[in-house]
Amino acid sequence: MKIEGGVKPFTANRLQSEVLRSGPVFFPATTVNFHEDLIIISNDGSVKESTETPSEQEISEHLTPCQYLFDGITDFLLNQIEFPHRIPFMTGEARLLPAEYTITTDVIHELTPKINTNIFWDYKVGKVNSLAECMQKTKQLPHQVIRQRNEALDIFERANNDPRHPKRIWLAKLAQDAFLSLFVANSGLNETEVRDLPWGDSYSVRNSINVGFQYIKIRAAGREGEVEIQKIFIKKFKKFLKLRDYICDGKPHPYLFVNISKNNISEKPIKAVTIGNFSMQIRSFLDPGFTGLSYRKLRKYKSVYLLSKNHSIDLVSALMQSSGSTITKHYADAEEKKAIDEISTMLAQLMELLDSKAVMSTPAGDCAGVDNPSSAITPPEAYEPNCRNFVGCLFCTEFRLHANRESIRKLLSMSYVTKEYLSACTDANQFQNVHGEAINQINRILEELVNTRPEMGRVVESIRDEIEQQYKLTSYWERIYERLIKLKVLK
């Protein structure tokens with residue numbers, strides 16, 4: 001912001017730097033020390049804010065639409081499928097039509113009057129309206145409607161007869177932009193590196209020291225580039241090369257990613273705002289709620305992924321060409337974000353499980369969805385919900401708890417028997433690693449119950465005393481407890 005009667009700090013800082021540099025030259029005999037006697041004007045405007053590390057959910061919300069678009073559109077183009085066409089998109093589908101809105105979804109249809117009231121194009125069915133339908137939607141003279149409808153029919157025919165029709169090239173660019181996000185997240189390259197990647201149809205693949213990764217070595221016009229991506233992504237990369245061949249139409253292009261502007265190919269690198277523009281197109285044509293991630297956030301995720309697979313900080317920092325402290329901060333930020341996301345999910349689940357409708361009883365509580373197990377948060381390894389072992393019920397989205405003595409006794413019985421496993425573990429750390437989170441989950445559920453129903457606090461403590469002092473477990477957990485003692489698992 002400009003200061004009234006003055007200049008911005010950045011401008012003042014630049015002007016003063018020139019004085020500090022030139023002052024001693026113009027006034028060599030002065031007693032003024034230009035560096036120590038003057039108040040230095042600081043400028044923090046050039047300091048970039050650190051990029052927040054995206055969570056797994058944010059990465060998924062960005063890359064999943066990209067996956068659908070890249071696969072669906074690429075198959076449409078390479079197989080020379082005719083308009084209209086539908087491709088899978090998220091939980092529904094997207095429609096392809098050679099109209100003003102070349103790709104659309106139901107939600108865009110509902111929110112865009114220009115689509116709903118279009119005189120000539122039926123976006124939902126995927127056709128040009130009949131003359132009678134067109135006349136019903138407009139007050140134009142018949143000869144005007146006939147001319148414009150014929151133009152729409154002509155576009156339809158040309159788009160299906162010409163494999164390089166402008167509408168198909170537009171879709172090709174959208175597919176390439178979708179792949180770009182997938183590539184950045186897999187490679188971890190920064191924006192400048194991605195834009196400048198050479199290509200000359202000559203590449204080789206070799207294994208990486210990182211399990212599950214391979215290097216792609218690119219050679220073109222005396223230049224070389226090497227990119228590390230996941231092995232499973234190689235197939236996707238090869239599919240992109242087929243899309244690229246379609247885009248280039250047999251003509252050489254110096255860069256891996258092709259600059260397509262107004263349906264024409266430029267030999268310049270792709271624009272720096274490509275991913276940002278892609279996100280805007282998603283909002284305009286497919287999903288108005290799409291937020292999208294930046295180059296920097298997508299790139300950041302690879303370092304977090306590598307560290308999560310127990311690769312050393314030194315190795316990851318070398319691969320990502322970043323300092324060890326930067327990589328460590330990325331991972332710490334991601335872990336914190338993951339924890340916050342899981343806590344939020346867990347709290348939402350806790351609010352739902354209290355007194356919600358149940359369809360059957362289990363030794364851990366009640367179940368609202370038999371044979372439909374899923375976890376709202378990451379469960380410990382021994383506590384995966386599976387409908388075969390009831391210990392996993394605690395972490396299942398279908399788990400329910402009623403505010404009564406029977407349900408509370410089930411949970412506290414499970415907690416008691418689980419704690420008794422401590423005697424079977426070689427040390428406390430082993431117990432915490434195997435069973436600690438289950439105990440924490442039971443405590444969280446009971447705490448939420450008491451917060452929601454304060455009158456249940458005395459009930460919880462009463463039952464806890466009965467179990468710990470009088471061993472009044474539920475029949476199921478009593479049998480489990482006795483069996484573990486007979487097998488000498490418990491001491």
# chains A, B, ... in the order shown; residues from 1 in each chain; ligands from 1

call {"tool": "residues_around", "arguments": {"residues": "region 255-261 of chain A", "least_positions_apart": "3", "cutoff": "6 Å", "atoms": "only C-alpha atoms", "output": "list in words"}}
result
Leu197, Pro198, Trp199, Asn264, Ile265, Ser266, Pro269 and Ile270 of chain A

call {"tool": "write_last_selection", "arguments": {"atoms": "C-alpha atoms", "output": "JSON list (two decimals), in the first residue's frame"}}
result
[["chain", "number", "residue", "atom", "x", "y", "z"],
["A", 197, "LEU", "CA", 11.74, -29.94, -19.65],
["A", 198, "PRO", "CA", 13.07, -30.80, -23.13],
["A", 199, "TRP", "CA", 11.67, -33.48, -25.38],
["A", 264, "ASN", "CA", -2.51, -23.13, -32.14],
["A", 265, "ILE", "CA", 0.80, -24.64, -31.04],
["A", 266, "SER", "CA", 3.61, -22.35, -29.94],
["A", 269, "PRO", "CA", 7.21, -23.16, -22.87],
["A", 270, "ILE", "CA", 3.76, -23.49, -21.33]]

call {"tool": "select_by_dssp", "arguments": {"residues": "region 45-215 of chain A", "states": "strand (DSSP E)", "output": "list of chain:residue names"}}
result
A:His85, A:Arg86, A:Ile87, A:Pro88, A:Phe89, A:Gly92, A:Glu93, A:Ala94, A:Arg95, A:Leu96, A:Ile103, A:Thr104, A:Trp121, A:Asp122, A:Lys127, A:Val128, A:Ser202, A:Tyr203, A:Ser204, A:Val205, A:Arg206, A:Asn207, A:Phe213, A:Gln214, A:Tyr215

call {"tool": "select_by_dssp", "arguments": {"residues": "region 34-202 of chain A", "states": "helix (DSSP H, G or I)", "output": "PyMOL selection string"}}
result
chain A and resi 56-78+106-111+113-116+131-136+142-161+166-187+191-195

call {"tool": "atom_distance", "arguments": {"atom1": "CA of Asp177 (chain A)", "atom2": "CA of Arg299 (chain A)"}}
result
15.4 Å

call {"tool": "residues_around", "arguments": {"residues": "Gly126 (chain A)", "least_positions_apart": "3", "cutoff": "10 Å", "atoms": "only C-alpha atoms", "output": "ChimeraX atom specification"}}
result
/A:83-86,95-99,121-123,129

call {"tool": "write_last_selection", "arguments": {"atoms": "all heavy atoms", "output": "CSV table (one decimal), in the first residue's frame"}}
result
chain,number,residue,atom,x,y,z
A,83,PHE,N,-18.7,-36.9,-31.0
A,83,PHE,CA,-19.6,-36.2,-30.1
A,83,PHE,C,-21.0,-36.6,-30.4
A,83,PHE,O,-21.4,-37.0,-31.5
A,83,PHE,CB,-19.5,-34.7,-30.4
A,83,PHE,CG,-18.2,-34.0,-30.0
A,83,PHE,CD1,-17.3,-33.7,-30.9
A,83,PHE,CD2,-17.9,-33.7,-28.6
A,83,PHE,CE1,-16.1,-33.1,-30.6
A,83,PHE,CE2,-16.8,-33.1,-28.3
A,83,PHE,CZ,-15.8,-32.8,-29.2
A,84,PRO,N,-22.0,-36.6,-29.4
A,84,PRO,CA,-21.7,-36.3,-28.0
A,84,PRO,C,-21.1,-37.5,-27.3
A,84,PRO,O,-21.3,-38.7,-27.8
A,84,PRO,CB,-23.1,-36.0,-27.5
A,84,PRO,CG,-24.0,-36.9,-28.3
A,84,PRO,CD,-23.4,-36.9,-29.7
A,85,HIS,N,-20.5,-37.3,-26.2
A,85,HIS,CA,-19.8,-38.4,-25.5
A,85,HIS,C,-19.8,-38.1,-24.0
A,85,HIS,O,-19.9,-36.9,-23.6
A,85,HIS,CB,-18.4,-38.6,-25.9
A,85,HIS,CG,-17.7,-39.8,-25.3
A,85,HIS,ND1,-18.1,-41.1,-25.5
A,85,HIS,CD2,-16.6,-39.8,-24.5
A,85,HIS,CE1,-17.3,-41.9,-24.8
A,85,HIS,NE2,-16.4,-41.1,-24.2
A,86,ARG,N,-19.9,-39.2,-23.2
A,86,ARG,CA,-19.9,-39.0,-21.7
A,86,ARG,C,-18.7,-39.7,-21.1
A,86,ARG,O,-18.3,-40.9,-21.6
A,86,ARG,CB,-21.1,-39.5,-21.1
A,86,ARG,CG,-22.4,-38.9,-21.6
A,86,ARG,CD,-23.7,-39.4,-21.0
A,86,ARG,NE,-24.8,-38.7,-21.5
A,86,ARG,CZ,-26.0,-38.5,-20.8
A,86,ARG,NH1,-26.1,-38.9,-19.6
A,86,ARG,NH2,-27.0,-37.9,-21.4
A,95,ARG,N,-20.1,-34.5,-19.7
A,95,ARG,CA,-20.6,-34.6,-21.1
A,95,ARG,C,-19.8,-33.7,-22.0
A,95,ARG,O,-19.4,-32.6,-21.7
A,95,ARG,CB,-22.1,-34.1,-21.2
A,95,ARG,CG,-23.0,-35.0,-20.3
A,95,ARG,CD,-24.4,-34.3,-20.3
A,95,ARG,NE,-25.4,-35.1,-19.6
A,95,ARG,CZ,-25.5,-35.0,-18.2
A,95,ARG,NH1,-24.8,-34.2,-17.5
A,95,ARG,NH2,-26.4,-35.8,-17.6
A,96,LEU,N,-19.4,-34.3,-23.2
A,96,LEU,CA,-18.6,-33.6,-24.2
A,96,LEU,C,-19.5,-33.3,-25.4
A,96,LEU,O,-20.2,-34.2,-25.9
A,96,LEU,CB,-17.4,-34.5,-24.6
A,96,LEU,CG,-16.5,-35.1,-23.6
A,96,LEU,CD1,-15.4,-35.9,-24.2
A,96,LEU,CD2,-16.0,-34.1,-22.6
A,97,LEU,N,-19.5,-32.0,-25.8
A,97,LEU,CA,-20.3,-31.6,-26.8
A,97,LEU,C,-19.6,-30.4,-27.5
A,97,LEU,O,-19.0,-29.6,-26.9
A,97,LEU,CB,-21.7,-31.1,-26.3
A,97,LEU,CG,-22.8,-30.8,-27.2
A,97,LEU,CD1,-23.3,-32.2,-27.8
A,97,LEU,CD2,-24.0,-30.2,-26.5
A,98,PRO,N,-19.6,-30.3,-28.9
A,98,PRO,CA,-18.9,-29.3,-29.6
A,98,PRO,C,-19.6,-27.9,-29.6
A,98,PRO,O,-19.7,-27.2,-30.6
A,98,PRO,CB,-18.7,-29.8,-31.0
A,98,PRO,CG,-20.0,-30.6,-31.2
A,98,PRO,CD,-20.2,-31.3,-29.8
A,99,ALA,N,-20.1,-27.5,-28.4
A,99,ALA,CA,-20.8,-26.3,-28.2
A,99,ALA,C,-19.9,-25.3,-27.4
A,99,ALA,O,-18.7,-25.5,-27.3
A,99,ALA,CB,-22.1,-26.5,-27.4
A,121,TRP,N,-28.6,-25.6,-28.4
A,121,TRP,CA,-27.9,-26.8,-27.9
A,121,TRP,C,-28.6,-27.4,-26.7
A,121,TRP,O,-29.0,-26.7,-25.8
A,121,TRP,CB,-26.5,-26.5,-27.5
A,121,TRP,CG,-25.6,-26.2,-28.7
A,121,TRP,CD1,-25.3,-24.9,-29.2
A,121,TRP,CD2,-24.9,-27.1,-29.6
A,121,TRP,NE1,-24.5,-25.0,-30.2
A,121,TRP,CE2,-24.2,-26.3,-30.5
A,121,TRP,CE3,-24.8,-28.4,-29.6
A,121,TRP,CZ2,-23.5,-26.8,-31.5
A,121,TRP,CZ3,-24.1,-29.0,-30.6
A,121,TRP,CH2,-23.4,-28.2,-31.6
A,122,ASP,N,-28.9,-28.7,-26.7
A,122,ASP,CA,-29.4,-29.4,-25.5
A,122,ASP,C,-28.2,-30.1,-24.9
A,122,ASP,O,-27.8,-31.2,-25.3
A,122,ASP,CB,-30.5,-30.4,-25.9
A,122,ASP,CG,-31.1,-31.1,-24.7
A,122,ASP,OD1,-30.5,-31.2,-23.7
A,122,ASP,OD2,-32.3,-31.5,-24.8
A,123,TYR,N,-27.7,-29.5,-23.8
A,123,TYR,CA,-26.5,-30.0,-23.2
A,123,TYR,C,-26.7,-31.3,-22.4
A,123,TYR,O,-25.8,-32.1,-22.4
A,123,TYR,CB,-25.9,-28.9,-22.2
A,123,TYR,CG,-25.2,-27.8,-22.9
A,123,TYR,CD1,-25.8,-26.7,-23.3
A,123,TYR,CD2,-23.8,-27.9,-23.1
A,123,TYR,CE1,-25.2,-25.6,-23.9
A,123,TYR,CE2,-23.1,-26.9,-23.8
A,123,TYR,CZ,-23.8,-25.7,-24.2
A,123,TYR,OH,-23.1,-24.7,-24.8
A,129,ASN,N,-31.0,-28.9,-30.8
A,129,ASN,CA,-32.5,-28.9,-30.7
A,129,ASN,C,-33.2,-28.9,-32.1
A,129,ASN,O,-32.6,-28.4,-33.1
A,129,ASN,CB,-33.0,-27.6,-29.9
A,129,ASN,CG,-32.6,-27.7,-28.4
A,129,ASN,OD1,-32.6,-28.8,-27.8
A,129,ASN,ND2,-32.3,-26.6,-27.9

call {"tool": "residues_around", "arguments": {"residues": "region 178-191 of chain A", "least_positions_apart": "4", "cutoff": "10 Å", "atoms": "only C-alpha atoms", "output": "ChimeraX atom specification"}}
result
/A:59,62-71,73,172-174,195-197,213,215,226-230,233,236-237,239-240,257,271-275,278-279,282,292-303,305,319-321

call {"tool": "residues_around", "arguments": {"residues": "Thr117 (chain A)", "least_positions_apart": "4", "cutoff": "12 Å", "atoms": "only C-alpha atoms", "output": "PDB file with all heavy atoms, in the first residue's frame"}}
result
ATOM      1  N   HIS A 109     -24.894 -27.481 -15.231  1.00  0.00           N
ATOM      2  CA  HIS A 109     -26.172 -27.273 -15.929  1.00  0.00           C
ATOM      3  C   HIS A 109     -27.140 -26.500 -15.039  1.00  0.00           C
ATOM      4  O   HIS A 109     -27.819 -25.573 -15.481  1.00  0.00           O
ATOM      5  CB  HIS A 109     -26.807 -28.615 -16.301  1.00  0.00           C
ATOM      6  CG  HIS A 109     -26.025 -29.367 -17.332  1.00  0.00           C
ATOM      7  ND1 HIS A 109     -26.297 -30.673 -17.651  1.00  0.00           N
ATOM      8  CD2 HIS A 109     -24.966 -29.014 -18.096  1.00  0.00           C
ATOM      9  CE1 HIS A 109     -25.449 -31.089 -18.584  1.00  0.00           C
ATOM     10  NE2 HIS A 109     -24.637 -30.101 -18.864  1.00  0.00           N
ATOM     11  N   GLU A 110     -27.203 -26.894 -13.770  1.00  0.00           N
ATOM     12  CA  GLU A 110     -28.156 -26.289 -12.844  1.00  0.00           C
ATOM     13  C   GLU A 110     -27.802 -24.843 -12.514  1.00  0.00           C
ATOM     14  O   GLU A 110     -28.692 -24.020 -12.286  1.00  0.00           O
ATOM     15  CB  GLU A 110     -28.208 -27.107 -11.553  1.00  0.00           C
ATOM     16  CG  GLU A 110     -28.760 -28.520 -11.746  1.00  0.00           C
ATOM     17  CD  GLU A 110     -28.607 -29.371 -10.496  1.00  0.00           C
ATOM     18  OE1 GLU A 110     -28.147 -28.827  -9.479  1.00  0.00           O
ATOM     19  OE2 GLU A 110     -28.946 -30.568 -10.544  1.00  0.00           O
ATOM     20  N   LEU A 111     -26.513 -24.526 -12.494  1.00  0.00           N
ATOM     21  CA  LEU A 111     -26.072 -23.209 -12.041  1.00  0.00           C
ATOM     22  C   LEU A 111     -25.817 -22.221 -13.165  1.00  0.00           C
ATOM     23  O   LEU A 111     -25.531 -21.051 -12.904  1.00  0.00           O
ATOM     24  CB  LEU A 111     -24.791 -23.349 -11.193  1.00  0.00           C
ATOM     25  CG  LEU A 111     -24.909 -24.173  -9.909  1.00  0.00           C
ATOM     26  CD1 LEU A 111     -23.552 -24.298  -9.236  1.00  0.00           C
ATOM     27  CD2 LEU A 111     -25.917 -23.530  -8.955  1.00  0.00           C
ATOM     28  N   THR A 112     -25.911 -22.665 -14.413  1.00  0.00           N
ATOM     29  CA  THR A 112     -25.565 -21.792 -15.540  1.00  0.00           C
ATOM     30  C   THR A 112     -26.776 -21.561 -16.431  1.00  0.00           C
ATOM     31  O   THR A 112     -27.124 -22.410 -17.265  1.00  0.00           O
ATOM     32  CB  THR A 112     -24.423 -22.421 -16.365  1.00  0.00           C
ATOM     33  OG1 THR A 112     -23.362 -22.827 -15.486  1.00  0.00           O
ATOM     34  CG2 THR A 112     -23.876 -21.418 -17.376  1.00  0.00           C
ATOM     35  N   PRO A 113     -27.433 -20.408 -16.289  1.00  0.00           N
ATOM     36  CA  PRO A 113     -28.610 -20.108 -17.127  1.00  0.00           C
ATOM     37  C   PRO A 113     -28.305 -20.171 -18.617  1.00  0.00           C
ATOM     38  O   PRO A 113     -29.162 -20.554 -19.416  1.00  0.00           O
ATOM     39  CB  PRO A 113     -28.977 -18.685 -16.698  1.00  0.00           C
ATOM     40  CG  PRO A 113     -28.412 -18.536 -15.318  1.00  0.00           C
ATOM     41  CD  PRO A 113     -27.160 -19.340 -15.313  1.00  0.00           C
ATOM     42  N   TRP A 121     -28.618 -25.647 -28.413  1.00  0.00           N
ATOM     43  CA  TRP A 121     -27.932 -26.833 -27.904  1.00  0.00           C
ATOM     44  C   TRP A 121     -28.648 -27.390 -26.675  1.00  0.00           C
ATOM     45  O   TRP A 121     -28.967 -26.652 -25.751  1.00  0.00           O
ATOM     46  CB  TRP A 121     -26.493 -26.516 -27.526  1.00  0.00           C
ATOM     47  CG  TRP A 121     -25.620 -26.157 -28.697  1.00  0.00           C
ATOM     48  CD1 TRP A 121     -25.330 -24.905 -29.153  1.00  0.00           C
ATOM     49  CD2 TRP A 121     -24.936 -27.062 -29.566  1.00  0.00           C
ATOM     50  NE1 TRP A 121     -24.502 -24.959 -30.237  1.00  0.00           N
ATOM     51  CE2 TRP A 121     -24.237 -26.285 -30.523  1.00  0.00           C
ATOM     52  CE3 TRP A 121     -24.832 -28.446 -29.626  1.00  0.00           C
ATOM     53  CZ2 TRP A 121     -23.461 -26.839 -31.522  1.00  0.00           C
ATOM     54  CZ3 TRP A 121     -24.051 -29.005 -30.633  1.00  0.00           C
ATOM     55  CH2 TRP A 121     -23.377 -28.215 -31.562  1.00  0.00           C
ATOM     56  N   ASP A 122     -28.882 -28.687 -26.690  1.00  0.00           N
ATOM     57  CA  ASP A 122     -29.401 -29.394 -25.520  1.00  0.00           C
ATOM     58  C   ASP A 122     -28.217 -30.093 -24.855  1.00  0.00           C
ATOM     59  O   ASP A 122     -27.782 -31.169 -25.298  1.00  0.00           O
ATOM     60  CB  ASP A 122     -30.466 -30.419 -25.929  1.00  0.00           C
ATOM     61  CG  ASP A 122     -31.144 -31.067 -24.724  1.00  0.00           C
ATOM     62  OD1 ASP A 122     -30.482 -31.199 -23.670  1.00  0.00           O
ATOM     63  OD2 ASP A 122     -32.317 -31.459 -24.838  1.00  0.00           O
ATOM     64  N   TYR A 123     -27.678 -29.468 -23.801  1.00  0.00           N
ATOM     65  CA  TYR A 123     -26.464 -29.971 -23.176  1.00  0.00           C
ATOM     66  C   TYR A 123     -26.688 -31.288 -22.436  1.00  0.00           C
ATOM     67  O   TYR A 123     -25.783 -32.118 -22.352  1.00  0.00           O
ATOM     68  CB  TYR A 123     -25.895 -28.925 -22.215  1.00  0.00           C
ATOM     69  CG  TYR A 123     -25.158 -27.801 -22.901  1.00  0.00           C
ATOM     70  CD1 TYR A 123     -25.835 -26.656 -23.307  1.00  0.00           C
ATOM     71  CD2 TYR A 123     -23.800 -27.881 -23.144  1.00  0.00           C
ATOM     72  CE1 TYR A 123     -25.170 -25.610 -23.941  1.00  0.00           C
ATOM     73  CE2 TYR A 123     -23.111 -26.857 -23.773  1.00  0.00           C
ATOM     74  CZ  TYR A 123     -23.805 -25.714 -24.176  1.00  0.00           C
ATOM     75  OH  TYR A 123     -23.142 -24.693 -24.803  1.00  0.00           O
ATOM     76  N   LYS A 124     -27.861 -31.474 -21.868  1.00  0.00           N
ATOM     77  CA  LYS A 124     -28.111 -32.695 -21.105  1.00  0.00           C
ATOM     78  C   LYS A 124     -28.230 -33.913 -22.016  1.00  0.00           C
ATOM     79  O   LYS A 124     -27.675 -34.972 -21.740  1.00  0.00           O
ATOM     80  CB  LYS A 124     -29.377 -32.537 -20.260  1.00  0.00           C
ATOM     81  CG  LYS A 124     -29.196 -31.605 -19.068  1.00  0.00           C
ATOM     82  CD  LYS A 124     -30.380 -31.664 -18.133  1.00  0.00           C
ATOM     83  CE  LYS A 124     -30.127 -30.816 -16.886  1.00  0.00           C
ATOM     84  NZ  LYS A 124     -31.260 -30.861 -15.929  1.00  0.00           N
ATOM     85  N   ASN A 129     -31.033 -28.863 -30.826  1.00  0.00           N
ATOM     86  CA  ASN A 129     -32.489 -28.878 -30.697  1.00  0.00           C
ATOM     87  C   ASN A 129     -33.166 -28.884 -32.064  1.00  0.00           C
ATOM     88  O   ASN A 129     -32.613 -28.372 -33.057  1.00  0.00           O
ATOM     89  CB  ASN A 129     -32.968 -27.642 -29.916  1.00  0.00           C
ATOM     90  CG  ASN A 129     -32.612 -27.731 -28.445  1.00  0.00           C
ATOM     91  OD1 ASN A 129     -32.650 -28.803 -27.845  1.00  0.00           O
ATOM     92  ND2 ASN A 129     -32.260 -26.601 -27.856  1.00  0.00           N
ATOM     93  N   GLU A 133     -38.260 -26.882 -31.272  1.00  0.00           N
ATOM     94  CA  GLU A 133     -37.759 -26.594 -29.927  1.00  0.00           C
ATOM     95  C   GLU A 133     -37.034 -25.253 -29.888  1.00  0.00           C
ATOM     96  O   GLU A 133     -37.155 -24.488 -28.920  1.00  0.00           O
ATOM     97  CB  GLU A 133     -36.817 -27.712 -29.483  1.00  0.00           C
ATOM     98  CG  GLU A 133     -37.517 -29.035 -29.197  1.00  0.00           C
ATOM     99  CD  GLU A 133     -36.552 -30.177 -28.989  1.00  0.00           C
ATOM    100  OE1 GLU A 133     -35.445 -30.154 -29.581  1.00  0.00           O
ATOM    101  OE2 GLU A 133     -36.900 -31.123 -28.255  1.00  0.00           O
ATOM    102  N   CYS A 134     -36.297 -24.958 -30.944  1.00  0.00           N
ATOM    103  CA  CYS A 134     -35.587 -23.671 -31.008  1.00  0.00           C
ATOM    104  C   CYS A 134     -36.581 -22.510 -31.049  1.00  0.00           C
ATOM    105  O   CYS A 134     -36.386 -21.489 -30.357  1.00  0.00           O
ATOM    106  CB  CYS A 134     -34.692 -23.620 -32.251  1.00  0.00           C
ATOM    107  SG  CYS A 134     -33.307 -24.770 -32.218  1.00  0.00           S
ATOM    108  N   GLN A 136     -39.517 -22.326 -29.850  1.00  0.00           N
ATOM    109  CA  GLN A 136     -40.188 -22.145 -28.560  1.00  0.00           C
ATOM    110  C   GLN A 136     -39.341 -21.339 -27.578  1.00  0.00           C
ATOM    111  O   GLN A 136     -39.873 -20.757 -26.633  1.00  0.00           O
ATOM    112  CB  GLN A 136     -40.520 -23.503 -27.945  1.00  0.00           C
ATOM    113  CG  GLN A 136     -41.618 -24.269 -28.674  1.00  0.00           C
ATOM    114  CD  GLN A 136     -41.850 -25.638 -28.071  1.00  0.00           C
ATOM    115  OE1 GLN A 136     -41.091 -26.088 -27.207  1.00  0.00           O
ATOM    116  NE2 GLN A 136     -42.905 -26.312 -28.532  1.00  0.00           N
ATOM    117  N   LYS A 137     -38.034 -21.286 -27.792  1.00  0.00           N
ATOM    118  CA  LYS A 137     -37.129 -20.643 -26.849  1.00  0.00           C
ATOM    119  C   LYS A 137     -36.711 -19.236 -27.259  1.00  0.00           C
ATOM    120  O   LYS A 137     -35.906 -18.608 -26.574  1.00  0.00           O
ATOM    121  CB  LYS A 137     -35.862 -21.503 -26.672  1.00  0.00           C
ATOM    122  CG  LYS A 137     -36.117 -22.842 -25.997  1.00  0.00           C
ATOM    123  CD  LYS A 137     -34.808 -23.546 -25.696  1.00  0.00           C
ATOM    124  CE  LYS A 137     -35.051 -24.812 -24.880  1.00  0.00           C
ATOM    125  NZ  LYS A 137     -33.783 -25.427 -24.421  1.00  0.00           N
ATOM    126  N   THR A 138     -37.231 -18.749 -28.372  1.00  0.00           N
ATOM    127  CA  THR A 138     -36.789 -17.434 -28.840  1.00  0.00           C
ATOM    128  C   THR A 138     -37.901 -16.695 -29.565  1.00  0.00           C
ATOM    129  O   THR A 138     -38.872 -17.307 -30.014  1.00  0.00           O
ATOM    130  CB  THR A 138     -35.575 -17.583 -29.783  1.00  0.00           C
ATOM    131  OG1 THR A 138     -35.136 -16.294 -30.198  1.00  0.00           O
ATOM    132  CG2 THR A 138     -35.931 -18.404 -31.011  1.00  0.00           C
TER     133      THR A 138
END

call {"tool": "residues_around", "arguments": {"residues": "Lys242 (chain A)", "least_positions_apart": "5", "cutoff": "10 Å", "atoms": "only C-alpha atoms", "output": "number ranges by chain"}}
result
A: 74, 78, 237, 247-248

call {"tool": "write_last_selection", "arguments": {"atoms": "all heavy atoms", "output": "PDB file, in the first residue's frame"}}
result
ATOM      1  N   THR A  74      -8.440 -38.188 -22.967  1.00  0.00           N
ATOM      2  CA  THR A  74      -7.412 -38.802 -23.815  1.00  0.00           C
ATOM      3  C   THR A  74      -7.976 -39.994 -24.579  1.00  0.00           C
ATOM      4  O   THR A  74      -7.720 -40.153 -25.791  1.00  0.00           O
ATOM      5  CB  THR A  74      -6.204 -39.239 -22.961  1.00  0.00           C
ATOM      6  OG1 THR A  74      -5.641 -38.092 -22.323  1.00  0.00           O
ATOM      7  CG2 THR A  74      -5.139 -39.885 -23.833  1.00  0.00           C
ATOM      8  N   LEU A  78      -7.921 -40.106 -28.636  1.00  0.00           N
ATOM      9  CA  LEU A  78      -7.082 -41.094 -29.317  1.00  0.00           C
ATOM     10  C   LEU A  78      -7.908 -42.150 -30.045  1.00  0.00           C
ATOM     11  O   LEU A  78      -7.481 -42.690 -31.070  1.00  0.00           O
ATOM     12  CB  LEU A  78      -6.145 -41.761 -28.317  1.00  0.00           C
ATOM     13  CG  LEU A  78      -5.131 -40.844 -27.615  1.00  0.00           C
ATOM     14  CD1 LEU A  78      -4.203 -41.664 -26.724  1.00  0.00           C
ATOM     15  CD2 LEU A  78      -4.313 -40.042 -28.625  1.00  0.00           C
ATOM     16  N   PHE A 237       2.438 -41.959 -17.844  1.00  0.00           N
ATOM     17  CA  PHE A 237       3.342 -41.093 -18.603  1.00  0.00           C
ATOM     18  C   PHE A 237       3.349 -41.486 -20.086  1.00  0.00           C
ATOM     19  O   PHE A 237       3.315 -40.623 -20.967  1.00  0.00           O
ATOM     20  CB  PHE A 237       4.753 -41.187 -18.018  1.00  0.00           C
ATOM     21  CG  PHE A 237       5.762 -40.327 -18.717  1.00  0.00           C
ATOM     22  CD1 PHE A 237       5.804 -38.954 -18.519  1.00  0.00           C
ATOM     23  CD2 PHE A 237       6.673 -40.900 -19.595  1.00  0.00           C
ATOM     24  CE1 PHE A 237       6.734 -38.163 -19.173  1.00  0.00           C
ATOM     25  CE2 PHE A 237       7.614 -40.116 -20.246  1.00  0.00           C
ATOM     26  CZ  PHE A 237       7.644 -38.747 -20.035  1.00  0.00           C
ATOM     27  N   ILE A 247      -1.433 -34.083 -30.132  1.00  0.00           N
ATOM     28  CA  ILE A 247      -1.401 -32.619 -30.116  1.00  0.00           C
ATOM     29  C   ILE A 247      -0.424 -32.090 -31.167  1.00  0.00           C
ATOM     30  O   ILE A 247      -0.734 -31.159 -31.919  1.00  0.00           O
ATOM     31  CB  ILE A 247      -1.007 -32.105 -28.718  1.00  0.00           C
ATOM     32  CG1 ILE A 247      -2.111 -32.431 -27.699  1.00  0.00           C
ATOM     33  CG2 ILE A 247      -0.734 -30.598 -28.733  1.00  0.00           C
ATOM     34  CD1 ILE A 247      -1.727 -32.141 -26.262  1.00  0.00           C
ATOM     35  N   CYS A 248       0.771 -32.683 -31.228  1.00  0.00           N
ATOM     36  CA  CYS A 248       1.813 -32.186 -32.138  1.00  0.00           C
ATOM     37  C   CYS A 248       1.570 -32.589 -33.592  1.00  0.00           C
ATOM     38  O   CYS A 248       2.114 -31.961 -34.509  1.00  0.00           O
ATOM     39  CB  CYS A 248       3.176 -32.695 -31.682  1.00  0.00           C
ATOM     40  SG  CYS A 248       3.712 -32.031 -30.088  1.00  0.00           S
TER      41      CYS A 248
END

call {"tool": "atom_distance", "arguments": {"atom1": "CA of Glu448 (chain A)", "atom2": "CA of Ile480 (chain A)"}}
result
27.1 Å

call {"tool": "atom_distance", "arguments": {"atom1": "CA of Tyr203 (chain A)", "atom2": "CA of Lys217 (chain A)"}}
result
5.4 Å

call {"tool": "closest_residue", "arguments": {"among": "A:Ser204, A:Thr474, A:Thr291, A:Thr91", "to": "Glu406 (chain A)", "atoms": "only C-alpha atoms"}}
result
A:Thr474

call {"tool": "residues_around", "arguments": {"residues": "Ser413 (chain A)", "least_positions_apart": "2", "cutoff": "7 Å", "atoms": "only C-alpha atoms", "output": "JSON, numbers by chain"}}
result
{"A": [409, 410, 411, 415, 416, 417, 467, 473, 474, 477]}
